[in-house]
file data-v8.cif (mmCIF, C-alpha atoms)
data_final
#
loop_
_atom_site.label_atom_id
_atom_site.label_comp_id
_atom_site.auth_asym_id
_atom_site.auth_seq_id
_atom_site.Cartn_x
_atom_site.Cartn_y
_atom_site.Cartn_z
CA MET O 1 33.09 12.16 18.85
CA GLN O 2 32.81 15.73 17.57
CA GLU O 3 29.71 17.75 18.45
CA ASP O 4 28.14 20.97 17.32
CA LYS O 5 29.23 23.51 19.94
CA LEU O 6 25.89 25.29 20.03
CA THR O 7 23.45 22.37 20.34
CA LYS O 8 25.76 19.57 21.60
CA LEU O 9 24.42 17.37 18.80
CA LEU O 10 26.66 15.31 16.51
CA TYR O 11 28.25 16.83 13.46
CA PHE O 12 26.34 15.70 10.40
CA ASP O 13 29.07 13.43 8.99
CA ASN O 14 29.44 11.70 12.36
CA PHE O 15 25.67 11.33 12.61
CA LYS O 16 25.50 9.54 9.25
CA LYS O 17 28.30 7.12 10.19
CA GLU O 18 26.79 6.28 13.58
CA ALA O 19 23.26 5.97 12.20
CA ASP O 20 24.47 3.56 9.53
CA LYS O 21 26.05 1.37 12.22
CA ILE O 22 22.95 1.36 14.44
CA ILE O 23 20.51 0.57 11.64
CA THR O 24 22.59 -2.21 10.08
CA THR O 25 23.55 -3.95 13.34
CA GLU O 26 20.41 -3.63 15.45
CA LYS O 27 17.22 -5.47 14.62
CA ALA O 28 14.82 -2.69 15.56
CA ASP O 29 12.28 -0.34 14.03
CA TYR O 30 13.64 3.15 13.37
CA ILE O 31 12.27 6.40 12.00
CA LEU O 32 14.37 9.31 10.77
CA ILE O 33 12.94 12.78 11.24
CA SER O 34 14.09 15.94 9.47
CA MET O 35 12.94 19.26 10.94
CA ASN O 36 13.41 23.01 10.73
CA ILE O 37 11.85 26.23 12.04
CA SER O 38 9.68 27.75 9.33
CA ASN O 39 10.29 31.43 10.16
CA PHE O 40 13.80 31.24 11.63
CA ARG O 41 15.18 34.12 9.54
CA TYR O 42 12.44 36.39 10.87
CA ILE O 43 13.31 35.43 14.46
CA ASN O 44 16.96 36.34 13.83
CA ASP O 45 15.92 39.67 12.29
CA VAL O 46 13.53 40.62 15.10
CA TYR O 47 15.26 39.23 18.18
CA GLY O 48 18.89 39.02 17.06
CA TYR O 49 21.22 36.12 16.40
CA GLU O 50 21.84 35.40 20.06
CA ALA O 51 18.14 34.81 20.64
CA GLY O 52 18.04 32.72 17.45
CA ASP O 53 20.88 30.56 18.78
CA GLU O 54 19.01 30.11 22.05
CA LEU O 55 15.96 28.87 20.14
CA LEU O 56 18.10 26.28 18.33
CA LYS O 57 19.44 25.05 21.67
CA GLN O 58 15.90 24.82 23.03
CA LEU O 59 14.75 22.82 19.99
CA ALA O 60 17.64 20.35 20.42
CA GLU O 61 16.91 20.07 24.13
CA TYR O 62 13.20 19.49 23.70
CA PHE O 63 13.03 17.23 20.65
CA TYR O 64 16.25 15.25 21.24
CA PHE O 65 17.70 15.36 24.73
CA ASN O 66 14.28 15.19 26.42
CA ASN O 67 12.98 12.58 23.98
CA PRO O 68 13.39 9.05 25.39
CA ASN O 69 12.92 7.54 21.93
CA ALA O 70 15.72 9.54 20.29
CA ARG O 71 18.91 7.60 19.52
CA LEU O 72 20.99 10.12 17.54
CA GLY O 73 20.64 13.77 16.62
CA SER O 74 22.46 16.24 14.42
CA ARG O 75 22.19 19.87 13.43
CA MET O 76 22.83 19.65 9.68
CA HIS O 77 23.23 23.43 9.34
CA ALA O 78 21.45 26.63 10.36
CA ASP O 79 18.02 25.55 11.72
CA ARG O 80 17.95 22.12 10.01
CA PHE O 81 18.00 19.07 12.31
CA VAL O 82 17.84 15.31 11.83
CA ILE O 83 16.93 12.83 14.56
CA LEU O 84 17.04 9.05 14.48
CA THR O 85 14.31 7.78 16.76
CA ALA O 86 13.01 4.38 17.79
CA GLY O 87 9.80 3.58 15.94
CA ASN O 88 7.87 2.65 19.07
CA GLU O 89 4.62 4.08 17.73
CA SER O 90 2.90 1.18 16.00
CA THR O 91 1.27 3.40 13.37
CA GLU O 92 2.06 6.62 11.59
CA GLU O 93 -1.15 8.06 13.01
CA LYS O 94 0.19 7.62 16.56
CA LEU O 95 3.45 9.32 15.62
CA PHE O 96 1.53 12.18 14.02
CA HIS O 97 -0.49 12.61 17.20
CA ARG O 98 2.59 12.45 19.44
CA PHE O 99 4.53 14.97 17.37
CA PHE O 100 1.52 17.29 17.20
CA GLU O 101 1.34 17.30 21.00
CA LYS O 102 5.08 17.91 21.39
CA HIS O 103 4.95 20.69 18.79
CA ALA O 104 2.09 22.41 20.62
CA GLU O 105 3.95 22.13 23.93
CA PHE O 106 7.15 23.51 22.41
CA SER O 107 5.38 26.44 20.69
CA LYS O 108 3.60 27.34 23.91
CA ARG O 109 6.85 27.17 25.88
CA MET O 110 8.51 29.55 23.41
CA GLU O 111 5.64 32.08 23.37
CA SER O 112 6.94 34.11 26.30
CA LYS O 113 10.45 34.30 24.85
CA TYR O 114 9.40 35.18 21.29
CA PRO O 115 5.99 36.91 21.57
CA LEU O 116 6.24 38.56 18.13
CA ALA O 117 6.79 35.29 16.27
CA LYS O 118 4.69 32.14 16.14
CA ILE O 119 7.20 29.29 16.48
CA HIS O 120 6.35 26.65 13.90
CA VAL O 121 8.45 23.52 13.35
CA ASN O 122 8.12 21.58 10.09
CA ALA O 123 9.05 17.91 10.17
CA GLY O 124 9.34 15.12 7.64
CA ALA O 125 9.61 11.48 8.68
CA CYS O 126 10.72 8.32 6.94
CA ARG O 127 10.32 4.84 8.40
CA ILE O 128 13.40 2.67 7.81
CA ASP O 129 12.46 -0.76 6.42
CA GLY O 130 14.18 -3.85 5.09
CA ASP O 131 15.16 -2.12 1.85
CA PHE O 132 17.55 0.19 3.70
CA ARG O 133 20.60 1.15 1.64
CA SER O 134 22.03 4.27 3.24
CA VAL O 135 21.21 6.97 5.76
CA SER O 136 21.72 9.64 3.09
CA GLU O 137 18.87 8.13 1.06
CA ILE O 138 16.59 8.09 4.10
CA ILE O 139 17.48 11.71 4.89
CA ASP O 140 16.59 12.71 1.32
CA LYS O 141 13.20 11.04 1.69
CA ALA O 142 12.54 12.70 5.05
CA GLU O 143 13.51 16.03 3.50
CA LEU O 144 11.02 15.50 0.67
CA ALA O 145 8.31 14.83 3.24
CA ARG O 146 9.23 17.96 5.22
CA LYS O 147 9.22 20.14 2.11
CA SER O 148 5.76 18.86 1.18
CA ILE O 149 4.27 20.79 4.13
CA VAL O 150 6.71 23.69 4.28
CA ASP O 151 3.95 26.26 3.55
CA SER O 152 1.34 24.68 5.80
CA TYR O 153 0.28 26.20 9.12
CA VAL O 154 -1.95 23.24 9.92
CA GLU O 155 0.32 20.24 9.38
CA ASN O 156 3.43 19.82 11.52
CA ILE O 157 4.75 16.51 10.21
CA ALA O 158 4.47 14.43 7.05
CA PHE O 159 5.55 10.84 6.36
CA TYR O 160 7.45 10.03 3.17
CA SER O 161 5.36 8.21 0.56
CA GLU O 162 5.54 7.39 -3.13
CA ALA O 163 2.87 10.04 -3.72
CA ILE O 164 5.15 12.69 -2.17
CA ALA O 165 8.05 11.46 -4.33
CA GLU O 166 5.92 11.64 -7.49
CA LYS O 167 4.76 15.14 -6.60
CA ALA O 168 8.35 16.27 -6.03
CA ASP O 169 9.30 14.83 -9.42
CA ARG O 170 6.49 16.81 -11.08
CA GLU O 171 7.65 19.96 -9.29
CA ARG O 172 11.20 19.46 -10.55
CA ARG O 173 9.84 19.49 -14.10
CA VAL O 174 7.94 22.74 -13.49
CA ILE O 175 11.07 24.90 -13.20
CA PRO O 176 12.60 24.13 -16.63
CA MET O 177 9.10 24.29 -18.15
CA PHE O 178 8.56 27.77 -16.68
CA GLU O 179 12.01 29.05 -17.65
CA GLN O 180 11.60 27.85 -21.24
CA ALA O 181 8.08 29.30 -21.43
CA MET O 182 9.45 32.69 -20.36
CA LYS O 183 12.08 32.53 -23.12
CA ASP O 184 9.52 31.46 -25.74
CA GLU O 185 6.95 34.09 -24.63
CA ARG O 186 4.43 31.39 -23.73
CA VAL O 187 3.58 32.99 -20.37
CA LEU O 188 0.19 34.58 -21.02
CA ILE O 189 -1.81 37.25 -19.19
CA TYR O 190 -5.54 36.67 -18.78
CA LEU O 191 -8.00 39.23 -17.39
CA GLN O 192 -11.14 38.47 -15.39
CA PRO O 193 -13.60 41.38 -15.27
CA LYS O 194 -15.12 42.93 -12.15
CA PHE O 195 -18.62 44.40 -12.34
CA THR O 196 -20.80 46.77 -10.37
CA ILE O 197 -24.12 45.23 -9.39
CA ASN O 198 -26.31 48.33 -9.45
CA THR O 199 -25.27 49.50 -12.94
CA GLN O 200 -23.95 46.19 -14.35
CA GLN O 201 -20.94 48.11 -15.66
CA LEU O 202 -17.31 47.00 -16.02
CA ALA O 203 -15.45 48.26 -12.92
CA GLY O 204 -12.02 46.71 -13.34
CA ALA O 205 -10.16 43.46 -13.93
CA GLU O 206 -7.78 41.07 -12.22
CA ALA O 207 -4.64 39.98 -14.06
CA LEU O 208 -4.12 36.22 -13.94
CA VAL O 209 -1.43 34.11 -15.53
CA ARG O 210 -1.44 30.98 -17.66
CA ILE O 211 1.36 29.08 -19.39
CA LYS O 212 0.98 27.51 -22.82
CA ASP O 213 2.98 24.30 -23.11
CA THR O 214 4.93 23.20 -26.18
CA GLU O 215 1.85 21.37 -27.46
CA GLY O 216 -0.25 24.53 -27.28
CA GLU O 217 -2.24 23.39 -24.24
CA VAL O 218 -2.92 25.94 -21.48
CA VAL O 219 -1.36 25.00 -18.12
CA PRO O 220 -3.52 26.19 -15.16
CA PRO O 221 -1.85 28.21 -12.36
CA ALA O 222 -2.38 25.49 -9.75
CA ALA O 223 0.08 23.34 -11.71
CA PHE O 224 2.99 25.77 -11.43
CA ILE O 225 2.46 28.66 -9.00
CA PRO O 226 2.88 26.64 -5.74
CA THR O 227 6.17 25.26 -7.07
CA LEU O 228 7.42 28.69 -8.13
CA GLU O 229 6.57 30.00 -4.65
CA LYS O 230 8.35 27.11 -2.98
CA ARG O 231 11.46 27.46 -5.17
CA GLY O 232 11.65 31.25 -4.81
CA LEU O 233 10.90 31.99 -8.48
CA ILE O 234 7.47 33.53 -8.02
CA SER O 235 8.97 37.05 -7.97
CA ASP O 236 10.27 36.54 -11.52
CA LEU O 237 6.76 35.69 -12.65
CA ASP O 238 5.14 38.53 -10.69
CA SER O 239 7.60 41.10 -12.09
CA TYR O 240 6.81 39.91 -15.61
CA VAL O 241 3.04 40.09 -15.05
CA VAL O 242 3.21 43.56 -13.49
CA GLU O 243 5.23 44.94 -16.40
CA GLN O 244 2.82 43.40 -18.92
CA VAL O 245 -0.10 45.06 -17.12
CA TYR O 246 1.63 48.45 -17.11
CA ALA O 247 2.32 48.08 -20.84
CA LEU O 248 -1.32 47.09 -21.44
CA VAL O 249 -2.77 50.07 -19.59
CA ARG O 250 -0.31 52.36 -21.38
CA SER O 251 -1.48 50.97 -24.72
CA TRP O 252 -5.11 51.65 -23.80
CA ILE O 253 -4.26 55.26 -23.01
CA ASP O 254 -2.26 55.65 -26.23
CA ARG O 255 -5.15 54.22 -28.28
CA GLY O 256 -7.65 56.61 -26.71
CA ILE O 257 -9.36 53.85 -24.70
CA GLU O 258 -10.57 54.72 -21.20
CA PRO O 259 -8.68 52.29 -18.88
CA VAL O 260 -10.17 50.35 -15.99
CA PRO O 261 -8.15 49.54 -12.85
CA VAL O 262 -6.26 46.26 -13.16
CA SER O 263 -5.18 44.37 -10.04
CA VAL O 264 -1.99 42.32 -9.99
CA ASN O 265 -1.05 39.72 -7.41
CA LEU O 266 1.97 40.03 -5.14
CA SER O 267 3.44 37.13 -3.20
CA ARG O 268 5.06 37.26 0.22
CA LEU O 269 8.46 36.83 -1.46
CA ASP O 270 7.91 40.00 -3.52
CA LEU O 271 7.53 41.98 -0.33
CA MET O 272 10.35 40.23 1.50
CA TYR O 273 12.89 40.94 -1.25
CA GLU O 274 12.64 44.68 -0.84
CA MET O 275 15.39 45.76 -3.24
CA LYS O 276 14.11 43.58 -6.09
CA TRP O 277 10.60 44.95 -5.82
CA GLU O 278 11.76 48.57 -5.50
CA GLU O 279 13.80 48.06 -8.67
CA THR O 280 10.73 46.66 -10.43
CA LEU O 281 8.55 49.61 -9.45
CA LYS O 282 11.23 52.07 -10.50
CA SER O 283 11.61 50.43 -13.90
CA LEU O 284 7.86 50.79 -14.48
CA GLU O 285 7.95 54.57 -14.24
CA LYS O 286 8.81 54.67 -17.94
CA TYR O 287 5.21 53.71 -18.79
CA GLN O 288 3.81 56.83 -17.06
CA VAL O 289 0.64 55.00 -16.06
CA PRO O 290 -1.61 56.93 -13.63
CA LYS O 291 -1.55 55.06 -10.35
CA GLN O 292 -5.31 54.82 -10.03
CA TYR O 293 -5.26 52.19 -12.79
CA ILE O 294 -3.00 49.73 -10.95
CA GLU O 295 -3.96 47.83 -7.80
CA TYR O 296 -1.74 45.44 -5.85
CA GLU O 297 -3.43 42.35 -4.45
CA VAL O 298 -2.17 40.10 -1.65
CA THR O 299 -3.74 37.08 0.02
CA GLU O 300 -4.45 37.30 3.71
CA THR O 301 -1.88 34.55 4.39
CA VAL O 302 1.05 36.93 3.67
CA PHE O 303 0.42 38.43 7.11
CA LEU O 304 0.88 35.13 8.96
CA GLU O 305 4.65 35.60 9.08
CA ASP O 306 6.58 38.82 9.57
CA MET O 307 3.36 40.82 9.91
CA GLU O 308 5.08 44.00 11.03
CA TYR O 309 7.52 43.93 8.11
CA ILE O 310 4.90 43.04 5.47
CA THR O 311 2.58 45.75 6.81
CA ALA O 312 5.33 48.33 6.44
CA LYS O 313 6.05 47.26 2.85
CA LEU O 314 2.39 47.42 1.83
CA GLY O 315 2.08 50.78 3.60
CA SER O 316 4.89 52.15 1.44
CA ILE O 317 3.04 50.96 -1.69
CA GLN O 318 -0.07 52.77 -0.46
CA LYS O 319 1.91 55.96 0.14
CA MET O 320 3.11 55.83 -3.44
CA GLY O 321 -0.53 56.25 -4.49
CA TYR O 322 -1.56 52.66 -5.29
CA LYS O 323 -4.55 50.82 -3.85
CA VAL O 324 -3.89 47.58 -1.98
CA SER O 325 -6.40 44.73 -1.94
CA MET O 326 -6.63 41.78 0.47
CA ASP O 327 -7.72 38.62 -1.33
CA ASP O 328 -9.36 35.49 0.15
CA PHE O 329 -10.92 37.22 3.17
CA GLY O 330 -12.82 34.66 5.22
CA SER O 331 -10.85 31.63 4.05
CA GLY O 332 -9.62 30.86 7.55
CA TYR O 333 -7.09 33.32 8.97
CA SER O 334 -8.49 36.84 8.92
CA SER O 335 -10.12 38.72 11.77
CA LEU O 336 -11.86 42.08 11.93
CA ASN O 337 -9.33 43.29 14.47
CA THR O 338 -6.43 42.49 12.12
CA VAL O 339 -8.04 44.06 9.07
CA GLY O 340 -8.53 47.28 10.99
CA VAL O 341 -4.79 47.87 11.28
CA LEU O 342 -3.62 46.60 7.87
CA PRO O 343 -2.71 48.97 5.00
CA VAL O 344 -5.45 47.80 2.61
CA ASP O 345 -8.11 49.66 0.65
CA ILE O 346 -10.14 46.77 -0.76
CA ILE O 347 -11.35 43.51 0.81
CA LYS O 348 -12.14 40.59 -1.50
CA PHE O 349 -14.44 38.04 0.09
CA ASP O 350 -13.43 34.46 -0.70
CA ARG O 351 -15.96 32.41 -2.66
CA SER O 352 -16.31 29.84 0.13
CA PHE O 353 -17.04 32.62 2.65
CA VAL O 354 -19.65 34.11 0.33
CA GLN O 355 -21.32 30.73 -0.27
CA ASN O 356 -21.40 29.82 3.41
CA SER O 357 -22.79 33.24 4.34
CA ILE O 358 -25.64 33.54 1.85
CA ASN O 359 -27.01 30.06 2.55
CA THR O 360 -28.34 30.83 6.03
CA GLY O 361 -30.19 33.69 7.67
CA LYS O 362 -27.50 34.09 10.32
CA GLY O 363 -24.81 34.02 7.65
CA ILE O 364 -26.51 36.83 5.73
CA GLN O 365 -26.73 38.93 8.89
CA ILE O 366 -23.05 38.33 9.68
CA MET O 367 -21.96 39.17 6.14
CA SER O 368 -24.13 42.30 6.09
CA GLY O 369 -22.64 43.43 9.39
CA ILE O 370 -19.07 42.86 8.24
CA ILE O 371 -19.63 44.73 4.99
CA ASP O 372 -21.19 47.61 6.91
CA ILE O 373 -18.17 47.77 9.25
CA PHE O 374 -15.74 47.75 6.31
CA LYS O 375 -17.63 50.54 4.58
CA ARG O 376 -17.62 52.62 7.77
CA ILE O 377 -13.82 52.51 7.89
CA GLY O 378 -13.50 53.38 4.20
CA LEU O 379 -12.85 49.95 2.68
CA GLU O 380 -14.30 48.75 -0.61
CA VAL O 381 -15.71 45.21 -0.69
CA ILE O 382 -15.84 42.81 -3.63
CA CYS O 383 -17.33 39.32 -3.61
CA GLU O 384 -15.49 36.67 -5.59
CA GLY O 385 -16.84 33.54 -7.23
CA VAL O 386 -20.36 34.84 -7.90
CA GLU O 387 -21.81 32.43 -10.46
CA THR O 388 -25.58 32.99 -10.55
CA LYS O 389 -27.94 35.96 -10.60
CA GLU O 390 -29.47 34.73 -7.36
CA GLU O 391 -26.06 34.85 -5.67
CA GLU O 392 -25.46 38.35 -7.01
CA ASN O 393 -28.81 39.51 -5.64
CA MET O 394 -27.99 38.01 -2.26
CA VAL O 395 -24.60 39.73 -1.93
CA ALA O 396 -26.23 42.98 -3.10
CA SER O 397 -28.77 42.65 -0.29
CA CYS O 398 -25.81 42.42 2.10
CA GLY O 399 -24.51 45.78 0.89
CA CYS O 400 -21.86 44.67 -1.63
CA ASN O 401 -21.84 46.37 -5.03
CA LEU O 402 -18.77 44.77 -6.67
CA VAL O 403 -18.54 41.18 -7.91
CA GLN O 404 -16.13 38.99 -9.79
CA GLY O 405 -17.06 35.56 -11.08
CA TYR O 406 -18.42 33.35 -13.83
CA LEU O 407 -21.84 35.03 -13.73
CA HIS O 408 -20.25 37.84 -15.71
CA ASP O 409 -17.22 36.13 -17.24
CA LYS O 410 -14.32 33.75 -16.84
CA PRO O 411 -10.68 34.88 -17.15
CA LEU O 412 -10.08 35.84 -20.78
CA PRO O 413 -6.97 36.15 -22.98
CA LEU O 414 -6.02 39.82 -23.46
CA GLN O 415 -7.25 40.15 -27.04
CA GLU O 416 -10.59 38.55 -26.23
CA PHE O 417 -11.01 40.78 -23.15
CA GLU O 418 -10.26 43.91 -25.20
CA GLU O 419 -12.64 42.97 -28.01
CA LYS O 420 -15.42 42.18 -25.56
CA TYR O 421 -15.05 45.02 -23.05
CA MET O 422 -12.69 47.77 -24.15
CA VAL O 423 -13.79 48.55 -27.70
CA GLY O 424 -15.90 51.69 -27.60
CA ARG O 425 -14.55 52.92 -24.24
CA LYS O 426 -13.32 56.30 -25.42
CA ALA O 427 -11.22 58.34 -23.01
#
call {"tool": "encode", "arguments": {"input": "data-v8.cif", "output": "structure tokens"}}
result
Amino acid sequence: MQEDKLTKLLYFDNFKKEADKIITTEKADYILISMNISNFRYINDVYGYEAGDELLKQLAEYFYFNNPNARLGSRMHADRFVILTAGNESTEEKLFHRFFEKHAEFSKRMESKYPLAKIHVNAGACRIDGDFRSVSEIIDKAELARKSIVDSYVENIAFYSEAIAEKADRERRVIPMFEQAMKDERVLIYLQPKFTINTQQLAGAEALVRIKDTEGEVVPPAAFIPTLEKRGLISDLDSYVVEQVYALVRSWIDRGIEPVPVSVNLSRLDLMYEMKWEETLKSLEKYQVPKQYIEYEVTETVFLEDMEYITAKLGSIQKMGYKVSMDDFGSGYSSLNTVGVLPVDIIKFDRSFVQNSINTGKGIQIMSGIIDIFKRIGLEVICEGVETKEEENMVASCGCNLVQGYLHDKPLPLQEFEEKYMVGRKA
């Protein structure tokens, strides 16, 4: 039987034929697992293809050849694997626990070989029951489960369920909805103001995006942005938003209105697709917008993968004269040591971090100390999600003078924002 030369696993077509035979002739409990390495392209880029091939061999060795429960294995293509395993674990919880342990062991074993990359394996599992029709159908279900956690750095494995299938179906509808909304100009820019605490003056705004559906209802970002990120379309949206912001600031200047800095969000994909983003920035030169009025905002999670590469890309944006802001500080990944070496000018404290900090005496001391450190190294600090005057007073006592949140205003459509805040701001 033919095997993949690199991993010694079955070719995919052979795997499907053999798996069909085993499942239909043996009265046993089986689980099919689909898996891949989340940052495999980065490993190839940093360590070379030979090292990438070695990692694939190690994965096959560890999860298949050294797995007593494994019956069949195949490398579908690139870093995608499928394994048919005996369902000896009586519950999904036990399988979760077992895979979590094996994943931790594998990642630790690979640390010395790939110190610049955190090895993370995503897996989706599907238990094969009495309604079995074909291996291809089971593989599709396991793939859906794997894709449901593809952006997670906490979960390693997910079991297929009807809820996952329904979510995937909703996501499939997002893409045509987004594409049609772009054509119909129903992708809308909203602005949420930022205020100084000491003077209670408008200090800037963050550009956010909404989609209006065909019924005129506003679709919130949580309903479409994760899907656009997963399907690689987020850069199309980001490019559109950035150009709209440049055009807006240009219109303020042309109308004699004194602009305020507007921050726009960049995704990890924007920075990874270097040529596309360089083309976008070049096309925006036609607006002749002074660079102090545009800020680029990234979440701290963009640094989890390819940190060296992302840092270089953001550094080049800084060198062009733009400010870079790190959003969601304190939401779970950041550290003071990391922030000290990143090319950022502004730190935005996540609402949950702010709330947890101002509710205890120790929290206030910690937050005050962090803000003081950031100021000492020349970073601005803004607290997000401030909703009451009491909260604003508390963050002010910690040394923060910039806030964004419902205390001052919610995100507003452009016309409403202009009428409320920009009228009377003469340049």
call {"tool": "residues_near_point", "arguments": {"input": "data-v8.cif", "point": "(-4.5, 29.3, -2.2)", "cutoff": "9 Å", "atoms": "only C-alpha atoms", "output": "list in words"}}
result
Ala222, Pro226, Thr299, Thr301 and Asp328 of chain O
call {"tool": "residues_around", "arguments": {"input": "data-v8.cif", "residues": "Lys147 in chain O", "least_positions_apart": "2", "cutoff": "9 Å", "atoms": "all atoms listed in the file", "output": "VMD selection string"}}
result
chain O and resid 122 to 124 142 to 145 149 to 151 158 230
call {"tool": "residues_around", "arguments": {"input": "data-v8.cif", "residues": "Arg98 in chain O", "least_positions_apart": "2", "cutoff": "12 Å", "atoms": "only C-alpha atoms", "output": "PyMOL selection string"}}
result
chain O and resi 63+67+69+87-96+100-105+156-157
call {"tool": "closest_residue", "arguments": {"input": "data-v8.cif", "among": "O:Phe65, O:Phe224, O:Phe12, O:Tyr42", "to": "Pro176 in chain O", "atoms": "all atoms listed in the file"}}
result
O:Phe224
call {"tool": "resolve_selection", "arguments": {"input": "data-v8.cif", "expression": "the PyMOL selection byres ((chain O and resi 386) around 12)", "output": "PyMOL selection string"}}
result
chain O and resi 193-195+197+348-355+358+382-385+387-396+400-410
call {"tool": "write_last_selection", "arguments": {"input": "data-v8.cif", "atoms": "C-alpha atoms", "output": "CSV table (one decimal), in the frame of the given file"}}
result
chain,number,residue,atom,x,y,z
O,193,PRO,CA,-13.6,41.4,-15.3
O,194,LYS,CA,-15.1,42.9,-12.2
O,195,PHE,CA,-18.6,44.4,-12.3
O,197,ILE,CA,-24.1,45.2,-9.4
O,348,LYS,CA,-12.1,40.6,-1.5
O,349,PHE,CA,-14.4,38.0,0.1
O,350,ASP,CA,-13.4,34.5,-0.7
O,351,ARG,CA,-16.0,32.4,-2.7
O,352,SER,CA,-16.3,29.8,0.1
O,353,PHE,CA,-17.0,32.6,2.6
O,354,VAL,CA,-19.6,34.1,0.3
O,355,GLN,CA,-21.3,30.7,-0.3
O,358,ILE,CA,-25.6,33.5,1.8
O,382,ILE,CA,-15.8,42.8,-3.6
O,383,CYS,CA,-17.3,39.3,-3.6
O,384,GLU,CA,-15.5,36.7,-5.6
O,385,GLY,CA,-16.8,33.5,-7.2
O,387,GLU,CA,-21.8,32.4,-10.5
O,388,THR,CA,-25.6,33.0,-10.6
O,389,LYS,CA,-27.9,36.0,-10.6
O,390,GLU,CA,-29.5,34.7,-7.4
O,391,GLU,CA,-26.1,34.8,-5.7
O,392,GLU,CA,-25.5,38.4,-7.0
O,393,ASN,CA,-28.8,39.5,-5.6
O,394,MET,CA,-28.0,38.0,-2.3
O,395,VAL,CA,-24.6,39.7,-1.9
O,396,ALA,CA,-26.2,43.0,-3.1
O,400,CYS,CA,-21.9,44.7,-1.6
O,401,ASN,CA,-21.8,46.4,-5.0
O,402,LEU,CA,-18.8,44.8,-6.7
O,403,VAL,CA,-18.5,41.2,-7.9
O,404,GLN,CA,-16.1,39.0,-9.8
O,405,GLY,CA,-17.1,35.6,-11.1
O,406,TYR,CA,-18.4,33.4,-13.8
O,407,LEU,CA,-21.8,35.0,-13.7
O,408,HIS,CA,-20.2,37.8,-15.7
O,409,ASP,CA,-17.2,36.1,-17.2
O,410,LYS,CA,-14.3,33.8,-16.8
call {"tool": "closest_residue", "arguments": {"input": "data-v8.cif", "among": "O:Phe106, O:Tyr287, O:Trp252, O:Tyr30", "to": "Gly130 in chain O", "atoms": "all atoms listed in the file"}}
result
O:Tyr30
call {"tool": "atom_distance", "arguments": {"input": "data-v8.cif", "atom1": "CA of Lys5 in chain O", "atom2": "CA of Phe81 in chain O"}}
result
14.3 Å
call {"tool": "closest_residue", "arguments": {"input": "data-v8.cif", "among": "O:Leu56, O:Ile164, O:Val344, O:Val249", "to": "Lys319 in chain O", "atoms": "only C-alpha atoms"}}
result
O:Val344
